[in-house]
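query32.txt (compact mmCIF, C-alpha atoms)
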# COMPACT_ATOMS: atom_id res chain seq x y z
CA MET M 1 136.09 68.44 177.36
CA ILE M 2 136.35 65.63 179.88
CA GLU M 3 139.60 63.69 179.69
CA ASN M 4 139.25 60.21 178.18
CA GLN M 5 139.79 57.66 180.95
CA GLN M 6 140.11 54.79 178.44
CA LEU M 7 136.98 53.09 179.69
CA ALA M 8 136.18 49.79 178.05
CA VAL M 9 132.59 50.30 176.93
CA HIS M 10 131.14 47.03 175.73
CA SER M 11 128.23 48.27 173.64
CA LYS M 12 125.00 46.28 173.73
CA PHE M 13 124.31 47.53 170.21
CA PRO M 14 127.62 47.90 168.35
CA ALA M 15 125.91 48.00 164.95
CA MET M 16 123.25 50.53 165.93
CA GLY M 17 123.79 54.02 164.57
CA THR M 18 121.91 57.31 164.70
CA THR M 19 118.37 57.19 163.35
CA ILE M 20 118.03 58.18 159.70
CA PHE M 21 115.53 60.89 160.67
CA THR M 22 118.16 62.66 162.77
CA VAL M 23 120.78 62.17 160.05
CA MET M 24 118.65 63.62 157.26
CA SER M 25 117.29 66.51 159.33
CA ARG M 26 120.84 67.44 160.30
CA LEU M 27 121.94 67.24 156.67
CA ALA M 28 118.97 69.37 155.62
CA ALA M 29 119.99 72.03 158.13
CA GLU M 30 123.61 71.93 156.99
CA CYS M 31 122.68 72.24 153.31
CA GLY M 32 119.76 74.63 153.64
CA ALA M 33 117.52 71.98 152.10
CA VAL M 34 113.74 71.96 152.32
CA ASN M 35 113.18 69.27 154.94
CA LEU M 36 110.59 66.79 153.72
CA SER M 37 112.34 63.94 155.54
CA GLN M 38 111.36 63.86 159.21
CA GLY M 39 107.65 63.43 159.90
CA PHE M 40 106.54 66.61 161.62
CA PRO M 41 104.40 69.56 160.54
CA ASP M 42 105.95 72.99 160.01
CA PHE M 43 102.70 74.72 161.04
CA GLN M 44 101.16 75.42 164.43
CA ALA M 45 98.25 73.90 166.27
CA GLU M 46 95.34 76.13 167.22
CA PRO M 47 96.18 78.77 169.88
CA VAL M 48 93.23 77.62 172.00
CA LEU M 49 95.19 74.47 172.82
CA PHE M 50 98.18 76.45 174.05
CA ASP M 51 95.92 78.77 176.03
CA ALA M 52 94.38 75.78 177.78
CA VAL M 53 97.81 74.48 178.88
CA HIS M 54 98.66 77.89 180.32
CA ARG M 55 95.34 78.11 182.10
CA HIS M 56 95.82 74.74 183.77
CA MET M 57 99.37 75.65 184.79
CA CYS M 58 98.16 78.87 186.38
CA ALA M 59 95.38 76.94 188.14
CA GLY M 60 98.02 74.91 189.96
CA ARG M 61 97.76 71.60 188.09
CA ASN M 62 101.53 71.19 188.10
CA GLN M 63 102.19 68.21 190.35
CA TYR M 64 102.33 64.53 189.44
CA PRO M 65 99.18 63.41 187.67
CA PRO M 66 97.98 59.82 188.13
CA MET M 67 100.30 57.21 186.67
CA ALA M 68 97.77 56.08 184.05
CA GLY M 69 96.84 59.64 183.02
CA VAL M 70 94.46 62.29 184.29
CA PRO M 71 90.87 61.00 184.54
CA GLU M 72 89.57 63.72 182.22
CA LEU M 73 91.83 62.62 179.38
CA ARG M 74 91.30 58.91 179.90
CA GLN M 75 87.54 59.48 179.76
CA ALA M 76 87.86 61.53 176.58
CA ILE M 77 89.94 58.74 174.99
CA VAL M 78 87.42 56.07 175.99
CA ASP M 79 84.57 58.13 174.56
CA LYS M 80 86.38 58.78 171.29
CA VAL M 81 87.33 55.14 170.76
CA ALA M 82 83.77 54.01 171.53
CA ALA M 83 82.31 56.54 169.08
CA LEU M 84 84.71 55.56 166.29
CA TYR M 85 85.14 51.82 166.71
CA GLY M 86 82.26 50.63 168.89
CA THR M 87 84.34 49.28 171.77
CA ARG M 88 84.08 50.96 175.17
CA PHE M 89 87.21 50.38 177.22
CA ASP M 90 87.19 50.68 181.01
CA VAL M 91 88.48 54.11 181.96
CA GLU M 92 90.25 52.82 185.08
CA SER M 93 91.90 49.64 183.83
CA GLU M 94 92.09 49.70 180.03
CA VAL M 95 93.60 53.03 178.93
CA THR M 96 96.99 54.59 179.73
CA VAL M 97 98.38 57.96 178.64
CA THR M 98 101.99 57.71 177.47
CA ALA M 99 104.95 59.94 176.70
CA GLY M 100 104.36 59.63 172.99
CA ALA M 101 103.84 56.59 170.81
CA THR M 102 107.50 55.55 170.80
CA GLN M 103 107.47 55.16 174.58
CA ALA M 104 104.19 53.27 174.33
CA ILE M 105 105.67 50.87 171.79
CA PHE M 106 108.85 50.31 173.81
CA THR M 107 106.87 49.78 177.01
CA ALA M 108 104.54 47.25 175.38
CA ILE M 109 107.47 45.30 173.97
CA ALA M 110 109.29 45.39 177.32
CA ALA M 111 106.16 44.24 179.13
CA PHE M 112 105.53 41.13 177.04
CA VAL M 113 108.69 40.08 175.20
CA ARG M 114 111.13 37.91 177.14
CA PRO M 115 114.69 36.87 176.23
CA GLY M 116 114.47 34.31 173.46
CA ASP M 117 110.99 35.33 172.34
CA GLU M 118 110.28 36.14 168.70
CA VAL M 119 108.36 39.15 167.41
CA ILE M 120 107.04 39.26 163.86
CA VAL M 121 107.36 42.66 162.18
CA PHE M 122 106.51 43.72 158.64
CA GLU M 123 109.14 45.22 156.34
CA PRO M 124 109.54 48.01 155.51
CA VAL M 125 109.42 48.39 159.29
CA TYR M 126 109.34 51.65 161.26
CA ASP M 127 112.72 52.09 162.88
CA CYS M 128 111.87 51.99 166.60
CA TYR M 129 110.38 48.48 166.70
CA VAL M 130 113.44 46.28 166.23
CA PRO M 131 115.78 48.13 168.64
CA ALA M 132 113.12 47.81 171.35
CA ILE M 133 112.76 44.08 170.67
CA GLU M 134 116.50 43.55 170.82
CA THR M 135 116.90 45.69 173.95
CA VAL M 136 114.79 43.21 175.93
CA GLY M 137 116.46 40.14 174.45
CA GLY M 138 113.87 39.28 171.82
CA THR M 139 114.43 38.45 168.17
CA ALA M 140 112.73 40.25 165.29
CA VAL M 141 111.35 37.97 162.57
CA TYR M 142 110.68 39.74 159.28
CA ALA M 143 107.57 39.35 157.14
CA GLN M 144 107.46 41.26 153.86
CA LEU M 145 104.91 43.78 152.64
CA LYS M 146 104.76 43.09 148.91
CA PHE M 147 106.19 45.83 146.70
CA PRO M 148 104.76 48.00 145.19
CA ASP M 149 101.35 47.91 146.92
CA TYR M 150 102.85 46.91 150.29
CA ALA M 151 100.16 44.38 151.18
CA PRO M 152 100.87 41.68 153.78
CA ASP M 153 101.39 38.06 152.73
CA TRP M 154 99.51 36.14 155.41
CA ALA M 155 100.68 32.77 154.08
CA GLN M 156 104.24 33.91 154.73
CA VAL M 157 103.28 35.13 158.21
CA ALA M 158 101.76 31.74 159.00
CA GLN M 159 105.07 30.07 158.12
CA LEU M 160 106.96 32.46 160.43
CA ILE M 161 104.88 31.71 163.52
CA THR M 162 106.64 29.30 165.89
CA PRO M 163 106.20 28.27 169.53
CA ARG M 164 108.58 31.14 170.34
CA THR M 165 106.39 33.80 168.71
CA ARG M 166 105.30 36.13 171.51
CA MET M 167 104.09 39.18 169.59
CA ILE M 168 103.12 40.42 166.15
CA ILE M 169 103.44 44.15 165.43
CA VAL M 170 101.15 45.69 162.85
CA ASN M 171 101.06 49.29 161.67
CA SER M 172 98.11 50.84 159.83
CA PRO M 173 98.02 53.40 158.32
CA HIS M 174 101.54 52.26 157.58
CA ASN M 175 104.71 54.31 157.90
CA PRO M 176 106.55 54.62 155.54
CA THR M 177 104.34 53.20 152.78
CA GLY M 178 100.91 54.76 153.37
CA SER M 179 99.18 51.38 152.96
CA LEU M 180 96.16 50.28 155.02
CA LEU M 181 95.06 46.99 156.55
CA THR M 182 91.72 45.80 155.17
CA ALA M 183 88.89 43.92 156.85
CA ALA M 184 90.15 40.77 155.14
CA ASP M 185 93.62 41.40 156.60
CA LEU M 186 92.20 41.61 160.12
CA GLU M 187 90.26 38.39 159.64
CA GLN M 188 93.36 36.57 158.44
CA LEU M 189 95.39 37.93 161.34
CA ALA M 190 92.71 36.81 163.79
CA ALA M 191 92.68 33.32 162.29
CA LEU M 192 96.47 33.02 162.58
CA VAL M 193 96.61 33.89 166.29
CA ARG M 194 93.42 32.10 167.34
CA GLY M 195 94.16 29.60 170.11
CA THR M 196 97.63 31.05 170.82
CA ASP M 197 99.04 33.37 173.49
CA ILE M 198 100.41 35.79 170.88
CA VAL M 199 99.94 39.46 171.78
CA ILE M 200 99.29 41.98 168.99
CA LEU M 201 100.86 45.43 169.19
CA SER M 202 98.99 47.73 166.79
CA ASP M 203 100.64 51.03 165.90
CA GLU M 204 97.76 53.26 164.77
CA VAL M 205 99.27 56.72 165.24
CA TYR M 206 97.93 57.88 161.84
CA GLU M 207 94.42 56.53 162.54
CA HIS M 208 92.74 59.81 161.56
CA ILE M 209 94.75 60.32 158.36
CA VAL M 210 93.13 58.02 155.78
CA PHE M 211 92.13 59.09 152.30
CA ASP M 212 89.65 58.67 149.48
CA GLY M 213 86.73 57.77 151.70
CA ALA M 214 88.44 54.79 153.34
CA ALA M 215 87.77 54.00 157.00
CA HIS M 216 90.51 53.21 159.46
CA LEU M 217 90.02 49.68 160.77
CA SER M 218 91.33 49.73 164.33
CA LEU M 219 92.14 46.46 166.02
CA SER M 220 90.28 47.91 169.00
CA GLY M 221 87.11 47.63 166.92
CA HIS M 222 87.59 43.99 165.98
CA ALA M 223 85.72 41.78 168.44
CA GLU M 224 88.33 39.03 168.49
CA LEU M 225 91.57 40.98 168.05
CA ALA M 226 90.67 43.63 170.64
CA GLY M 227 90.99 40.99 173.36
CA ARG M 228 94.68 40.37 172.65
CA SER M 229 95.87 43.77 171.37
CA ILE M 230 97.61 46.83 172.74
CA VAL M 231 96.57 49.65 170.41
CA VAL M 232 98.77 52.76 170.22
CA SER M 233 97.76 56.26 169.11
CA SER M 234 99.36 59.70 169.16
CA PHE M 235 98.05 63.16 169.96
CA GLY M 236 101.20 64.53 168.37
CA LYS M 237 100.17 63.26 164.93
CA THR M 238 96.50 64.13 165.37
CA TYR M 239 96.82 67.66 166.73
CA HIS M 240 100.08 68.83 165.06
CA ILE M 241 102.03 68.76 168.36
CA THR M 242 104.67 66.09 167.81
CA GLY M 243 107.04 67.83 170.22
CA TRP M 244 104.63 67.39 173.12
CA LYS M 245 105.27 63.62 173.01
CA ILE M 246 101.86 62.56 174.33
CA GLY M 247 100.06 59.45 173.17
CA TYR M 248 98.02 56.65 174.64
CA VAL M 249 97.31 52.93 174.57
CA VAL M 250 94.08 51.01 174.96
CA GLY M 251 93.72 47.30 175.54
CA PRO M 252 92.09 44.65 177.73
CA ALA M 253 92.73 44.88 181.47
CA VAL M 254 94.81 41.71 181.57
CA LEU M 255 97.28 43.23 179.10
CA MET M 256 97.09 46.78 180.45
CA ALA M 257 98.05 45.57 183.93
CA GLU M 258 101.31 44.22 182.53
CA PHE M 259 101.87 47.33 180.41
CA ARG M 260 101.53 49.56 183.47
CA LYS M 261 104.06 47.53 185.44
CA VAL M 262 106.72 48.79 183.03
CA HIS M 263 105.16 52.19 182.33
CA GLN M 264 105.23 53.18 186.01
CA PHE M 265 109.00 52.75 186.13
CA ASN M 266 110.18 54.01 182.76
CA VAL M 267 108.17 57.27 182.69
CA PHE M 268 105.61 56.94 185.52
CA THR M 269 103.41 59.71 184.13
CA VAL M 270 103.08 62.45 181.53
CA HIS M 271 102.99 66.26 181.65
CA GLY M 272 99.81 67.12 183.54
CA PRO M 273 98.68 70.51 182.17
CA SER M 274 99.06 69.25 178.61
CA GLN M 275 96.89 66.22 179.37
CA LEU M 276 94.15 68.46 180.75
CA ALA M 277 94.35 70.77 177.74
CA ILE M 278 94.09 67.86 175.29
CA ALA M 279 91.11 66.46 177.20
CA GLU M 280 89.29 69.77 176.65
CA TYR M 281 90.38 70.00 173.04
CA MET M 282 89.05 66.52 172.25
CA GLN M 283 85.50 67.55 173.10
CA ASP M 284 85.18 69.02 169.61
CA ALA M 285 85.25 65.82 167.53
CA SER M 286 85.60 67.79 164.29
CA ARG M 287 89.24 68.34 165.20
CA HIS M 288 90.08 64.70 164.59
CA LEU M 289 87.25 63.88 162.20
CA GLY M 290 88.36 66.64 159.84
CA LEU M 291 92.00 65.55 159.74
CA ALA M 292 91.63 63.18 156.79
CA ALA M 293 90.25 65.90 154.51
CA PHE M 294 92.90 68.37 155.73
CA TYR M 295 95.76 66.04 154.82
CA GLN M 296 94.15 64.67 151.67
CA GLU M 297 94.17 68.21 150.33
CA LYS M 298 97.89 68.43 151.09
CA ARG M 299 98.54 65.01 149.55
CA ASP M 300 96.73 65.92 146.35
CA PHE M 301 98.42 69.31 146.17
CA PHE M 302 101.87 67.72 146.59
CA ARG M 303 101.17 64.99 144.05
CA ARG M 304 100.11 67.63 141.50
CA LEU M 305 103.33 69.51 142.14
CA LEU M 306 105.39 66.37 141.41
CA GLU M 307 103.53 65.46 138.20
CA LYS M 308 106.12 67.21 136.03
CA THR M 309 109.09 65.49 137.67
CA PRO M 310 110.42 62.07 136.59
CA PHE M 311 109.41 60.54 139.94
CA THR M 312 106.83 57.74 139.84
CA LEU M 313 104.42 58.31 142.71
CA LEU M 314 103.24 55.22 144.58
CA PRO M 315 99.73 55.01 146.06
CA CYS M 316 99.25 56.89 149.34
CA ARG M 317 96.13 55.68 151.16
CA GLY M 318 96.97 57.16 154.56
CA THR M 319 99.60 58.90 156.76
CA TYR M 320 101.27 62.12 155.67
CA PHE M 321 104.00 60.41 153.65
CA GLN M 322 104.32 60.00 149.90
CA LEU M 323 106.59 57.32 148.46
CA ALA M 324 108.16 57.89 145.07
CA SER M 325 110.29 55.71 142.83
CA TYR M 326 113.24 57.40 141.18
CA ALA M 327 114.25 54.31 139.16
CA GLY M 328 113.68 56.15 135.91
CA LEU M 329 115.99 59.03 136.69
CA SER M 330 119.03 57.76 138.63
CA ALA M 331 121.00 54.55 139.19
CA LEU M 332 122.22 55.64 142.64
CA PRO M 333 121.37 53.53 145.68
CA ASP M 334 118.58 55.20 147.62
CA ARG M 335 120.70 56.39 150.53
CA ALA M 336 123.25 57.99 148.19
CA PHE M 337 120.38 59.43 146.17
CA ALA M 338 118.82 60.96 149.31
CA GLU M 339 122.14 62.53 150.28
CA TRP M 340 122.59 63.84 146.73
CA MET M 341 119.05 65.26 146.85
CA ALA M 342 119.78 67.16 150.07
CA ARG M 343 123.15 68.50 148.93
CA GLU M 344 122.56 69.18 145.25
CA VAL M 345 118.81 69.58 144.84
CA GLY M 346 118.08 71.13 148.22
CA VAL M 347 115.28 68.77 149.25
CA ALA M 348 115.68 66.25 152.08
CA VAL M 349 113.89 62.87 151.87
CA ILE M 350 114.15 59.47 153.58
CA PRO M 351 115.59 56.46 151.71
CA VAL M 352 113.22 53.53 152.17
CA SER M 353 116.01 50.92 152.31
CA VAL M 354 116.66 51.98 155.93
CA PHE M 355 113.35 50.31 156.86
CA TYR M 356 114.69 46.89 155.75
CA ALA M 357 117.03 44.73 157.84
CA ASP M 358 118.99 43.69 154.75
CA GLY M 359 118.93 47.16 153.19
CA ARG M 360 116.67 46.08 150.33
CA ASP M 361 116.71 48.91 147.81
CA ASP M 362 113.76 49.37 145.44
CA GLN M 363 114.96 52.89 144.56
CA VAL M 364 112.15 54.49 146.54
CA VAL M 365 112.26 57.55 148.79
CA ARG M 366 109.75 58.99 151.27
CA PHE M 367 108.52 62.59 151.22
CA CYS M 368 106.61 64.15 154.14
CA PHE M 369 103.83 66.46 152.96
CA ALA M 370 102.71 67.63 156.42
CA LYS M 371 103.98 71.08 155.53
CA LYS M 372 102.72 74.54 154.72
CA GLU M 373 101.79 75.14 151.10
CA GLU M 374 104.74 77.46 150.62
CA THR M 375 107.12 74.76 151.89
CA LEU M 376 105.78 72.23 149.41
CA LEU M 377 105.93 74.81 146.62
CA ALA M 378 109.57 75.60 147.45
CA ALA M 379 110.46 71.90 147.38
CA ALA M 380 108.65 71.36 144.09
CA GLU M 381 110.40 74.33 142.50
CA ARG M 382 113.78 72.84 143.37
CA LEU M 383 112.77 69.37 142.20
CA ASN M 384 111.43 70.61 138.87
CA LYS M 385 114.57 72.66 138.31
CA ALA M 386 116.90 69.79 139.20
CA PHE M 387 115.20 67.13 137.16
CA ALA M 388 115.06 68.96 133.87
CA GLY M 389 117.95 66.55 133.16
CA PRO M 390 119.08 63.22 134.69
CA ALA M 391 120.77 63.02 138.10
Written as structure tokens, that's how I'd like the structure from this file.
Amino acid sequence: MIENQQLAVHSKFPAMGTTIFTVMSRLAAECGAVNLSQGFPDFQAEPVLFDAVHRHMCAGRNQYPPMAGVPELRQAIVDKVAALYGTRFDVESEVTVTAGATQAIFTAIAAFVRPGDEVIVFEPVYDCYVPAIETVGGTAVYAQLKFPDYAPDWAQVAQLITPRTRMIIVNSPHNPTGSLLTAADLEQLAALVRGTDIVILSDEVYEHIVFDGAAHLSLSGHAELAGRSIVVSSFGKTYHITGWKIGYVVGPAVLMAEFRKVHQFNVFTVHGPSQLAIAEYMQDASRHLGLAAFYQEKRDFFRRLLEKTPFTLLPCRGTYFQLASYAGLSALPDRAFAEWMAREVGVAVIPVSVFYADGRDDQVVRFCFAKKEETLLAAAERLNKAFAGPA
């Protein structure tokens, strides 16, 4: 161990701790709990995708790819977005491949938010947004998604907009709640920002995971909002390869030029053989078009498994997360309840209060059902056994 030199480290973020996803996954490992906390699948992607990466490596495609992404992948992205949402972005100036969605979100915030600027976010808010805002000297302003349906209150948002508002971040399908923005929501958002210089950052990483016949309404497909939005998506979520950390953004050239100014210096580019493999893989549209049915089957299976427990399941319209209220079975605060669940029940979940700046606690936890059937069965067995009586 290196000897402590008694350095005075003046932390920029003295109140910032380790992300709850790391905390709960570590606790799950320590306790031997079934990990339904962190959002990643426990099953593999198709071998053909791995074979393609190897083939491109062996073909010598191992040096720096273009900063914005290999042309083959950018073209595949442009074609997919046009087919789904009707907007054809320019392959040279309006699409950039990123090192995952988190990097894309940080880069977009760094590109547009200046010290003193305000960014409106919606609580419960995914945990990477606010640290990025604060890193660049901005201030997060919190709008509330209304419990229990988690719908936005646009009248409240209107009251929060000030001359300092630089950006609004939206997330649909929404993590952690599984709610979706509607066509009416997009119209109200467009009306609020009309005539302003507000940039919209739209986190759409679960765009292909929507249920019950609903359609994902991308901001890239809205004629007015597309002109002021950076839209983020994730190959990790779509193709079950979260560890590859590859995503992308699309947006108008005037915004993408600013995005790339930061992107070129915080990551420059993304693993080349993987980009080429994904570009090939995307040619079969059924691989993303079939994702909703694939995960709806898992959602429905998991919800049936939890029917006999005292949990109250909230609606799940998209993503691979299921929220559940435990108000009828324990008085513990949600973080203590989640820790008790991992240690005593053997199932790890995420307490939803961590997605609120003030720690608002509605006694709701988040389960991830992007798991093999046997994993979900094992979790359900432990839950049913534990909740034969009160916690």
Counting only C-alpha atoms, the option among M:His174, M:Pro163, M:Pro273, M:Thr135 closest to Ala52 of chain M: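 Nearest to Ala52 of chain M: M:Pro273.
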Long-range neighbours of Ser353 of chain M as a list in words, 10 Å cut-off, all atoms listed in the file, 5 positions minimum in chain: Glu123, Pro124, Val125, Pro333, Asp334, Arg335, Asp358, Gly359, Arg360, Asp361, Asp362, Gln363, Val364 and Val365 of chain M
Distance criterion (all atoms listed in the file): nearest to Ala151 of chain M out of M:Cys368, M:Pro315, M:Arg88, M:Met167: M:Pro315
Option closest in space to Ser234 of chain M, from M:Asp212, M:Asp203, M:Asp185, M:Glu72 [counting all atoms listed in the file]: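 Nearest candidate to Ser234 of chain M out of M:Asp212, M:Asp203, M:Asp185, M:Glu72: M:Asp203.
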Nearest residue to Thr18 of chain M from the set M:Asp127, M:Asp284, M:Glu224, M:Glu3 (distances using all atoms listed in the file):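 When distances to Thr18 of chain M are compared using all atoms listed in the file, the smallest one comes from M:Asp127.
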Who sits within 12 Å of Val157 of chain M, all atoms listed in the file, same chain under 2 positions skipped, as a list in words: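 In the requested format, the answer is Val119, Ile120, Val121, Phe122, Glu123, Val141, Tyr142, Ala143, Gln144, Leu145, Pro152, Asp153, Trp154, Ala155, Gln159, Leu160, Ile161, Thr162, Thr165, Ile168, Ile169, Val170, Asp185, Gln188, Leu189, Ala191, Leu192 and Val193 of chain M.
Minimum distance to Leu323 of chain M across M:Met282, M:Val231, M:Val205, M:Leu36 (counting all atoms listed in the file) occurs at M:Leu36.
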Export segment 1-10 of chain M from the structure block above, keeping all heavy atoms, as a short mmCIF file (atom, residue, chain, number, x, y, z; two decimals), in the first residue's frame.
data_model
loop_
_atom_site.label_atom_id
_atom_site.label_comp_id
_atom_site.auth_asym_id
_atom_site.auth_seq_id
_atom_site.Cartn_x
_atom_site.Cartn_y
_atom_site.Cartn_z
N MET M 1 0.85 -1.20 0.00
CA MET M 1 0.00 0.00 0.00
C MET M 1 0.87 1.24 0.00
O MET M 1 1.89 1.30 0.73
CB MET M 1 -0.93 -0.01 1.22
CG MET M 1 -1.86 1.19 1.30
SD MET M 1 -2.97 1.13 2.72
CE MET M 1 -4.00 -0.27 2.26
N ILE M 2 0.51 2.23 -0.77
CA ILE M 2 1.28 3.46 -0.84
C ILE M 2 1.09 4.25 0.44
O ILE M 2 -0.01 4.40 0.96
CB ILE M 2 0.84 4.31 -2.05
CG1 ILE M 2 1.13 3.55 -3.35
CG2 ILE M 2 1.53 5.67 -2.07
CD1 ILE M 2 0.63 4.24 -4.59
N GLU M 3 2.20 4.78 0.95
CA GLU M 3 2.16 5.55 2.19
C GLU M 3 1.35 6.83 1.99
O GLU M 3 1.48 7.53 0.99
CB GLU M 3 3.58 5.92 2.61
CG GLU M 3 3.63 6.69 3.92
CD GLU M 3 5.06 7.05 4.32
OE1 GLU M 3 5.99 6.55 3.65
OE2 GLU M 3 5.22 7.83 5.27
N ASN M 4 0.50 7.14 2.97
CA ASN M 4 -0.32 8.35 2.92
C ASN M 4 0.56 9.58 3.09
O ASN M 4 1.24 9.73 4.11
CB ASN M 4 -1.39 8.28 4.01
CG ASN M 4 -2.36 9.44 3.95
OD1 ASN M 4 -2.17 10.37 3.18
ND2 ASN M 4 -3.39 9.38 4.77
N GLN M 5 0.57 10.46 2.10
CA GLN M 5 1.38 11.67 2.16
C GLN M 5 0.61 12.85 2.76
O GLN M 5 1.10 13.99 2.70
CB GLN M 5 1.85 12.02 0.75
CG GLN M 5 2.71 10.95 0.10
CD GLN M 5 4.00 10.71 0.85
OE1 GLN M 5 4.67 11.66 1.25
NE2 GLN M 5 4.34 9.44 1.06
N GLN M 6 -0.56 12.59 3.32
CA GLN M 6 -1.38 13.64 3.94
C GLN M 6 -1.72 14.75 2.96
O GLN M 6 -1.63 15.94 3.27
CB GLN M 6 -0.66 14.21 5.18
CG GLN M 6 -0.35 13.19 6.26
CD GLN M 6 -1.61 12.50 6.79
OE1 GLN M 6 -2.60 13.16 7.07
NE2 GLN M 6 -1.56 11.19 6.90
N LEU M 7 -2.07 14.35 1.74
CA LEU M 7 -2.48 15.33 0.74
C LEU M 7 -3.83 15.93 1.14
O LEU M 7 -4.73 15.21 1.60
CB LEU M 7 -2.61 14.68 -0.63
CG LEU M 7 -1.33 14.12 -1.26
CD1 LEU M 7 -1.66 13.45 -2.59
CD2 LEU M 7 -0.32 15.23 -1.48
N ALA M 8 -3.97 17.21 0.92
CA ALA M 8 -5.24 17.88 1.14
C ALA M 8 -6.04 17.80 -0.16
O ALA M 8 -5.77 18.54 -1.11
CB ALA M 8 -5.03 19.32 1.56
N VAL M 9 -6.97 16.87 -0.22
CA VAL M 9 -7.79 16.70 -1.41
C VAL M 9 -9.10 17.44 -1.19
O VAL M 9 -9.92 17.05 -0.36
CB VAL M 9 -8.05 15.21 -1.71
CG1 VAL M 9 -8.94 15.06 -2.94
CG2 VAL M 9 -6.74 14.47 -1.90
N HIS M 10 -9.29 18.50 -1.92
CA HIS M 10 -10.51 19.28 -1.79
C HIS M 10 -11.52 18.77 -2.84
O HIS M 10 -11.50 19.18 -3.99
CB HIS M 10 -10.20 20.76 -1.99
CG HIS M 10 -9.22 21.30 -1.00
ND1 HIS M 10 -9.53 21.51 0.33
CD2 HIS M 10 -7.90 21.62 -1.14
CE1 HIS M 10 -8.46 21.97 0.96
NE2 HIS M 10 -7.47 22.04 0.10
#
